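S.K.: Sharing entry10.csv (CSV, C-alpha atoms) below.
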```
chain,number,residue,atom,x,y,z
A,1,MET,CA,29.2,30.6,-66.8
A,2,ASN,CA,29.9,27.3,-65.0
A,3,ARG,CA,29.8,29.0,-61.6
A,4,LEU,CA,26.5,30.5,-62.6
A,5,LYS,CA,25.1,27.2,-63.8
A,6,LYS,CA,26.3,25.5,-60.6
A,7,GLY,CA,24.7,28.2,-58.5
A,8,ILE,CA,21.4,27.8,-60.3
A,9,GLN,CA,21.5,24.0,-59.7
A,10,THR,CA,22.3,24.5,-56.1
A,11,ALA,CA,19.5,26.9,-55.6
A,12,ASP,CA,17.1,24.6,-57.4
A,13,ARG,CA,18.1,21.7,-55.1
A,14,MET,CA,17.6,23.9,-52.1
A,15,VAL,CA,14.1,24.9,-53.3
A,16,ASN,CA,13.2,21.3,-53.9
A,17,TRP,CA,14.3,20.3,-50.4
A,18,LEU,CA,12.3,23.2,-48.9
A,19,ILE,CA,9.3,22.0,-50.8
A,20,VAL,CA,9.8,18.5,-49.4
A,21,LEU,CA,10.3,19.8,-45.9
A,22,CYS,CA,7.1,21.8,-46.2
A,23,PHE,CA,5.1,18.8,-47.3
A,24,VAL,CA,6.4,16.3,-44.8
A,25,PRO,CA,4.5,17.9,-41.8
A,26,LEU,CA,1.4,18.0,-44.0
A,27,LEU,CA,1.8,14.3,-44.8
A,28,PHE,CA,2.2,13.4,-41.1
A,29,TYR,CA,-0.7,15.5,-40.2
A,30,GLY,CA,-2.9,13.8,-42.8
A,31,ILE,CA,-1.8,10.3,-41.5
A,32,TYR,CA,-2.6,11.4,-37.9
A,33,ALA,CA,-6.0,12.8,-38.9
A,34,VAL,CA,-6.9,9.5,-40.5
A,35,TRP,CA,-5.7,7.6,-37.5
A,36,ASP,CA,-7.5,9.9,-35.1
A,37,SER,CA,-10.7,9.6,-37.0
A,38,ALA,CA,-10.4,5.8,-37.0
A,39,GLN,CA,-9.8,5.9,-33.2
A,40,ILE,CA,-12.9,8.0,-32.6
A,41,ASN,CA,-15.1,5.7,-34.7
A,42,GLN,CA,-13.7,2.7,-33.0
A,43,GLN,CA,-14.5,4.1,-29.5
A,44,ALA,CA,-18.0,4.7,-30.7
A,45,GLU,CA,-18.7,1.2,-31.8
A,46,SER,CA,-21.4,-0.7,-29.9
A,47,THR,CA,-19.1,-3.7,-29.5
A,48,VAL,CA,-17.1,-1.7,-26.9
A,49,TYR,CA,-20.1,-2.2,-24.5
A,50,GLU,CA,-21.5,-5.5,-25.6
A,51,THR,CA,-20.1,-7.4,-22.6
A,52,TYR,CA,-22.1,-5.1,-20.3
A,53,ARG,CA,-25.5,-5.7,-22.0
A,54,PRO,CA,-28.2,-6.6,-19.5
A,55,THR,CA,-28.8,-10.4,-19.2
A,56,ASP,CA,-30.7,-12.6,-16.8
A,57,ASP,CA,-28.3,-12.2,-13.9
A,58,ASP,CA,-27.5,-8.5,-14.6
A,59,LEU,CA,-24.0,-8.9,-13.2
A,60,SER,CA,-22.2,-7.4,-16.2
A,61,PHE,CA,-24.6,-4.5,-16.4
A,62,ASP,CA,-24.1,-3.8,-12.7
A,63,GLU,CA,-20.3,-3.6,-13.4
A,64,LEU,CA,-20.9,-0.8,-15.9
A,65,ARG,CA,-23.1,1.0,-13.4
A,66,LYS,CA,-20.3,0.8,-10.8
A,67,LEU,CA,-18.0,2.5,-13.3
A,68,ASN,CA,-20.6,5.2,-14.0
A,69,PRO,CA,-23.7,5.4,-11.7
A,70,GLU,CA,-25.4,7.6,-14.3
A,71,VAL,CA,-25.9,4.5,-16.5
A,72,PHE,CA,-29.5,3.4,-16.0
A,73,GLY,CA,-30.6,1.5,-19.1
A,74,TRP,CA,-30.0,0.1,-22.5
A,75,LEU,CA,-31.3,0.9,-26.0
A,76,THR,CA,-31.4,-1.5,-29.0
A,77,VAL,CA,-32.9,-0.8,-32.5
A,78,TYR,CA,-33.3,-4.2,-34.2
A,79,GLY,CA,-31.4,-4.6,-37.5
A,80,THR,CA,-29.0,-1.8,-36.8
A,81,HIS,CA,-25.8,-1.2,-34.8
A,82,ILE,CA,-27.7,0.9,-32.2
A,83,ASP,CA,-27.1,-1.3,-29.1
A,84,TYR,CA,-25.8,1.0,-26.4
A,85,PRO,CA,-26.1,1.8,-22.7
A,86,LEU,CA,-28.4,4.7,-21.7
A,87,VAL,CA,-27.2,7.4,-19.5
A,88,GLN,CA,-28.7,10.6,-18.1
A,89,GLY,CA,-26.8,13.7,-16.8
A,90,GLU,CA,-27.8,16.8,-14.9
A,91,ASP,CA,-27.9,18.6,-18.2
A,92,ASN,CA,-27.8,17.8,-21.9
A,93,THR,CA,-24.2,18.8,-22.4
A,94,LYS,CA,-22.2,16.3,-20.2
A,95,TYR,CA,-22.7,13.3,-22.4
A,96,VAL,CA,-22.1,15.0,-25.7
A,97,ASN,CA,-18.4,14.3,-25.1
A,98,THR,CA,-18.4,11.8,-22.3
A,99,ASN,CA,-18.7,8.0,-22.9
A,100,ALA,CA,-20.9,5.6,-20.9
A,101,LYS,CA,-17.9,4.7,-18.7
A,102,GLY,CA,-17.6,8.3,-17.6
A,103,GLY,CA,-14.4,9.1,-19.6
A,104,PHE,CA,-13.8,11.8,-22.3
A,105,ALA,CA,-14.9,10.8,-25.8
A,106,LEU,CA,-15.7,12.9,-28.8
A,107,SER,CA,-18.3,10.4,-29.8
A,108,GLY,CA,-20.2,10.9,-26.5
A,109,SER,CA,-23.0,8.6,-25.3
A,110,ILE,CA,-26.6,7.8,-26.0
A,111,PHE,CA,-28.4,9.8,-23.4
A,112,LEU,CA,-31.9,10.6,-22.1
A,113,ASP,CA,-32.9,14.2,-21.9
A,114,TYR,CA,-32.2,15.5,-18.4
A,115,ARG,CA,-35.8,16.7,-18.1
A,116,ASN,CA,-37.3,13.2,-18.6
A,117,ASP,CA,-38.0,10.6,-15.9
A,118,LYS,CA,-35.7,7.6,-16.1
A,119,SER,CA,-38.7,5.3,-15.7
A,120,PHE,CA,-40.1,6.8,-19.0
A,121,LYS,CA,-43.3,8.1,-17.3
A,122,ASP,CA,-43.3,11.1,-19.6
A,123,ILE,CA,-45.3,11.2,-22.8
A,124,ASN,CA,-42.3,12.4,-24.9
A,125,ASN,CA,-39.0,10.8,-23.9
A,126,ILE,CA,-36.1,12.2,-25.9
A,127,ILE,CA,-32.9,10.2,-26.5
A,128,TYR,CA,-29.9,11.9,-28.1
A,129,GLY,CA,-26.8,10.5,-29.9
A,130,HIS,CA,-24.2,11.8,-32.3
A,131,HIS,CA,-24.5,11.3,-36.0
A,132,MET,CA,-21.3,9.3,-36.4
A,133,GLU,CA,-19.7,7.7,-39.4
A,134,LYS,CA,-19.3,3.9,-39.8
A,135,GLN,CA,-22.8,3.3,-38.6
A,136,THR,CA,-21.9,4.0,-35.0
A,137,MET,CA,-24.0,5.8,-32.3
A,138,PHE,CA,-27.0,7.3,-34.1
A,139,GLY,CA,-25.4,7.4,-37.5
A,140,GLU,CA,-27.9,4.9,-38.9
A,141,LEU,CA,-31.0,7.0,-38.1
A,142,GLU,CA,-30.7,8.7,-41.5
A,143,SER,CA,-31.3,5.3,-43.1
A,144,PHE,CA,-34.9,5.5,-41.9
A,145,SER,CA,-35.5,8.3,-44.4
A,146,GLN,CA,-35.5,5.5,-47.0
A,147,GLN,CA,-39.0,4.0,-47.3
A,148,ASP,CA,-37.9,0.4,-47.7
A,149,TYR,CA,-35.5,0.6,-44.7
A,150,PHE,CA,-38.2,2.2,-42.6
A,151,ASP,CA,-40.7,-0.5,-43.5
A,152,GLN,CA,-38.3,-3.3,-42.6
A,153,HIS,CA,-37.1,-1.9,-39.2
A,154,LEU,CA,-40.2,-1.8,-37.1
A,155,TYR,CA,-39.0,-2.6,-33.6
A,156,GLY,CA,-36.5,-2.1,-30.9
A,157,SER,CA,-36.2,-2.8,-27.1
A,158,ILE,CA,-35.3,-0.6,-24.2
A,159,TYR,CA,-34.1,-1.7,-20.7
A,160,TYR,CA,-35.0,0.4,-17.7
A,161,ASP,CA,-36.4,-0.3,-14.2
A,162,ASP,CA,-34.6,-3.7,-14.3
A,163,LYS,CA,-36.8,-4.9,-17.2
A,164,TRP,CA,-36.8,-5.0,-21.0
A,165,HIS,CA,-39.6,-3.1,-22.7
A,166,GLY,CA,-40.5,-2.9,-26.4
A,167,ILE,CA,-40.4,0.0,-28.9
A,168,GLU,CA,-42.7,0.1,-31.9
A,169,PHE,CA,-41.4,2.7,-34.4
A,170,PHE,CA,-44.0,4.5,-36.4
A,171,ALA,CA,-42.6,7.8,-37.7
A,172,PHE,CA,-39.4,9.3,-39.1
A,173,LEU,CA,-39.0,13.1,-39.3
A,174,HIS,CA,-36.6,15.8,-40.4
A,175,ALA,CA,-36.9,18.6,-37.9
A,176,ASP,CA,-35.4,21.7,-36.4
A,177,ALA,CA,-33.4,21.5,-33.2
A,178,TYR,CA,-35.7,24.1,-31.7
A,179,ASP,CA,-39.0,22.5,-32.6
A,180,PRO,CA,-41.3,23.4,-29.7
A,181,VAL,CA,-43.3,20.2,-29.9
A,182,LEU,CA,-40.8,17.5,-30.8
A,183,TYR,CA,-38.3,18.7,-28.2
A,184,ASN,CA,-40.9,19.3,-25.4
A,185,ALA,CA,-40.0,16.8,-22.8
A,186,LYS,CA,-42.8,17.8,-20.5
A,187,ILE,CA,-46.0,17.3,-22.6
A,188,GLN,CA,-48.9,17.0,-20.2
A,189,GLY,CA,-52.3,15.4,-20.2
A,190,ASN,CA,-54.5,13.8,-22.8
A,191,ASP,CA,-54.8,16.9,-24.9
A,192,GLY,CA,-51.0,17.3,-25.0
A,193,ARG,CA,-50.6,13.6,-26.0
A,194,SER,CA,-53.2,14.0,-28.7
A,195,GLN,CA,-51.6,17.2,-30.1
A,196,TYR,CA,-48.2,15.4,-30.1
A,197,GLN,CA,-49.6,12.4,-32.0
A,198,THR,CA,-51.2,14.7,-34.6
A,199,TYR,CA,-48.1,16.8,-34.9
A,200,VAL,CA,-45.8,13.8,-35.5
A,201,ARG,CA,-48.1,12.4,-38.1
A,202,GLU,CA,-48.4,15.7,-40.0
A,203,HIS,CA,-44.7,16.3,-40.1
A,204,ALA,CA,-43.4,12.7,-40.7
A,205,MET,CA,-41.4,12.0,-43.7
A,206,ASN,CA,-42.2,8.3,-43.3
A,207,ASP,CA,-44.9,6.9,-41.0
A,208,ARG,CA,-47.0,3.8,-40.5
A,209,ASP,CA,-50.5,3.5,-39.2
A,210,ILE,CA,-50.8,2.3,-35.6
A,211,GLN,CA,-53.7,2.5,-33.3
A,212,PHE,CA,-52.9,5.0,-30.6
A,213,GLN,CA,-53.9,4.2,-27.0
A,214,PRO,CA,-55.0,6.8,-24.4
A,215,ASP,CA,-52.1,6.0,-22.1
A,216,ASP,CA,-49.3,5.8,-24.8
A,217,HIS,CA,-45.8,6.9,-24.0
A,218,TYR,CA,-43.2,7.6,-26.7
A,219,VAL,CA,-39.5,7.7,-27.3
A,220,ALA,CA,-37.9,10.1,-29.8
A,221,LEU,CA,-34.4,9.2,-31.0
A,222,SER,CA,-32.7,12.4,-32.1
A,223,THR,CA,-29.4,13.1,-34.0
A,224,CYS,CA,-27.9,15.9,-36.1
A,225,THR,CA,-28.1,16.0,-39.9
A,226,SER,CA,-25.3,16.9,-42.2
A,227,SER,CA,-27.4,19.1,-44.3
A,228,SER,CA,-28.0,22.0,-41.9
A,229,THR,CA,-26.7,23.3,-38.6
A,230,ASN,CA,-30.0,23.0,-36.7
A,231,GLY,CA,-31.3,20.0,-38.8
A,232,ARG,CA,-32.3,16.9,-36.9
A,233,HIS,CA,-33.3,13.3,-37.8
A,234,ILE,CA,-35.9,12.0,-35.3
A,235,LEU,CA,-37.2,8.4,-35.1
A,236,VAL,CA,-40.3,8.1,-33.0
A,237,GLY,CA,-41.6,4.9,-31.4
A,238,ARG,CA,-44.3,3.9,-28.9
A,239,LEU,CA,-43.2,2.1,-25.8
A,240,THR,CA,-44.8,-1.3,-25.1
A,241,GLU,CA,-44.8,-3.4,-22.0
A,242,ASN,CA,-43.0,-6.4,-23.6
A,243,PRO,CA,-40.4,-6.4,-26.4
A,244,GLN,CA,-40.8,-8.1,-29.8
A,245,GLU,CA,-38.3,-10.8,-30.8
A,246,ASP,CA,-35.4,-9.4,-32.8
A,247,PRO,CA,-36.1,-10.7,-36.4
A,248,PHE,CA,-32.5,-9.8,-37.5
A,249,ASP,CA,-30.5,-11.9,-35.0
A,250,GLY,CA,-31.6,-15.3,-33.7
A,251,ASN,CA,-28.8,-15.1,-31.1
A,252,LYS,CA,-30.5,-12.2,-29.4
A,253,ASP,CA,-33.8,-13.5,-28.2
A,254,THR,CA,-34.8,-10.6,-26.0
A,255,SER,CA,-38.2,-12.0,-25.3
A,256,LYS,CA,-36.6,-15.1,-23.7
A,257,LYS,CA,-34.5,-12.9,-21.5
A,258,GLU,CA,-37.5,-11.0,-20.4
A,259,LYS,CA,-39.4,-14.1,-19.7
A,260,GLY,CA,-36.6,-15.4,-17.6
A,261,LYS,CA,-36.5,-12.1,-15.6
A,262,GLN,CA,-40.2,-12.2,-15.0
A,263,GLU,CA,-40.0,-15.8,-13.7
```
Let me see whether you can do it: turn the structure in this file into structure tokens.
M.R.:
Amino acid sequence: MNRLKKGIQTADRMVNWLIVLCFVPLLFYGIYAVWDSAQINQQAESTVYETYRPTDDDLSFDELRKLNPEVFGWLTVYGTHIDYPLVQGEDNTKYVNTNAKGGFALSGSIFLDYRNDKSFKDINNIIYGHHMEKQTMFGELESFSQQDYFDQHLYGSIYYDDKWHGIEFFAFLHADAYDPVLYNAKIQGNDGRSQYQTYVREHAMNDRDIQFQPDDHYVALSTCTSSSTNGRHILVGRLTENPQEDPFDGNKDTSKKEKGKQE
């Protein structure tokens, strides 16, 4: 009887150890997954690039362009963490998993559709970015679905052709990734422009009334949604010659930078 009891106790201890040994790898994997996720989010933060942001002398921005010649501009949405270099590849796949310095990164980059002109001469200029956690990349675009947030965040600025320009946001949409109008980078002529304006207004979840001009050009910031595979958030703005001041940060007076560059 004692031998049987000891045998049962020994078997029980062995089972307990086997259970522990099975859970240890799962524990380490869980710790690694948390660490890896934190690393991805950290690499996606806009602060990684802030030293390269274009200024009056442009020296820092030129350093980034030396690292990656496909960097050509900068995008800022006032009152958000969207403050990133702009890149453009030969297709729309390269920068899905390539950072602005040209290295591999799951968070990718903020990039202009390969079909668009880097001088933003097209009517519909499409800019893509991942929907990341921790308000990185284009993770904050979904906040524009809230009316109050949309109403408070009216402007941004965009740097290209060695100059800062303005963006006046007027519409936020939920759309399909294969929408033939919103993702048409080659809209042509006044009729095409008018049809685009009407389409955006009719399909907008949130919009504000602005007076369209016959020579308007637009930027559409696009990111994935978590609700459906082909779902997209799109924030549409009109390009303006000069940027508005950033009302959320007195330390970033873009208009002064622009004035200095023009002088």
S.K.: Pick out the residues sitting within 10 Å of A:Arg201, and hand them over as a ChimeraX atom specification; count all atoms listed in the file, and ignore anything fewer than 5 positions along from it in its own chain.
M.R.: /A:170-173,195-196,206-209
S.K.: Suppose you want the space between atom CA of A:Thr240 and atom CA of A:Phe138; what is it in Å?
M.R.: 21.7 Å
S.K.: How far is it from atom CA of A:Ala185 to atom CA of A:His217, in Å with one decimal?
M.R.: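 Pair atom CA of A:Ala185 / atom CA of A:His217 returns 11.5 Å.
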S.K.: As a list in words, please: the residues near A:Met132 (cut-off 8 Å, all atoms listed in the file, same-chain neighbours under 4 positions excluded).
M.R.: Asn41, Ser107, Thr136, Met137, Phe138 and Gly139 of chain A
S.K.: From the list A:Glu142, A:Asp179, A:Glu45, A:Glu241, which residue is nearest A:Phe120 when using all atoms listed in the file?
M.R.: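 Checking each of A:Glu142, A:Asp179, A:Glu45, A:Glu241 against A:Phe120, counting all atoms listed in the file, the winner is A:Glu241.
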S.K.: Expressed in Å to a single decimal, how great is the separation between atom CA of A:Gly156 and atom CA of A:Asn125?
M.R.: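 Pair atom CA of A:Gly156 / atom CA of A:Asn125 returns 14.9 Å.
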S.K.: Tell me, as a ChimeraX atom specification, which residues lie within 10 Å of A:Asn184, counting only C-alpha atoms; anything in the same chain fewer than 4 positions away does not count.
M.R.: /A:115-116,123-126,178-180,188,196
S.K.: May I have the centre and edge lengths, in Å to one decimal, of an axis-aligned box around the listed atoms of stretch 226-238 of chain A with 8 Å added to every side, as lines of an AutoDock Vina configuration file?
M.R.:
```
center_x = -34.8
center_y = 13.6
center_z = -36.6
size_x = 35.0
size_y = 35.4
size_z = 31.4
```
S.K.: Restricting the calculation to only C-alpha atoms: of A:Lys121, A:Asn242, A:Gln88, A:Thr80, which residue gets closest to A:Ile187?
M.R.: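 Checking each of A:Lys121, A:Asn242, A:Gln88, A:Thr80 against A:Ile187, counting only C-alpha atoms, the winner is A:Lys121.
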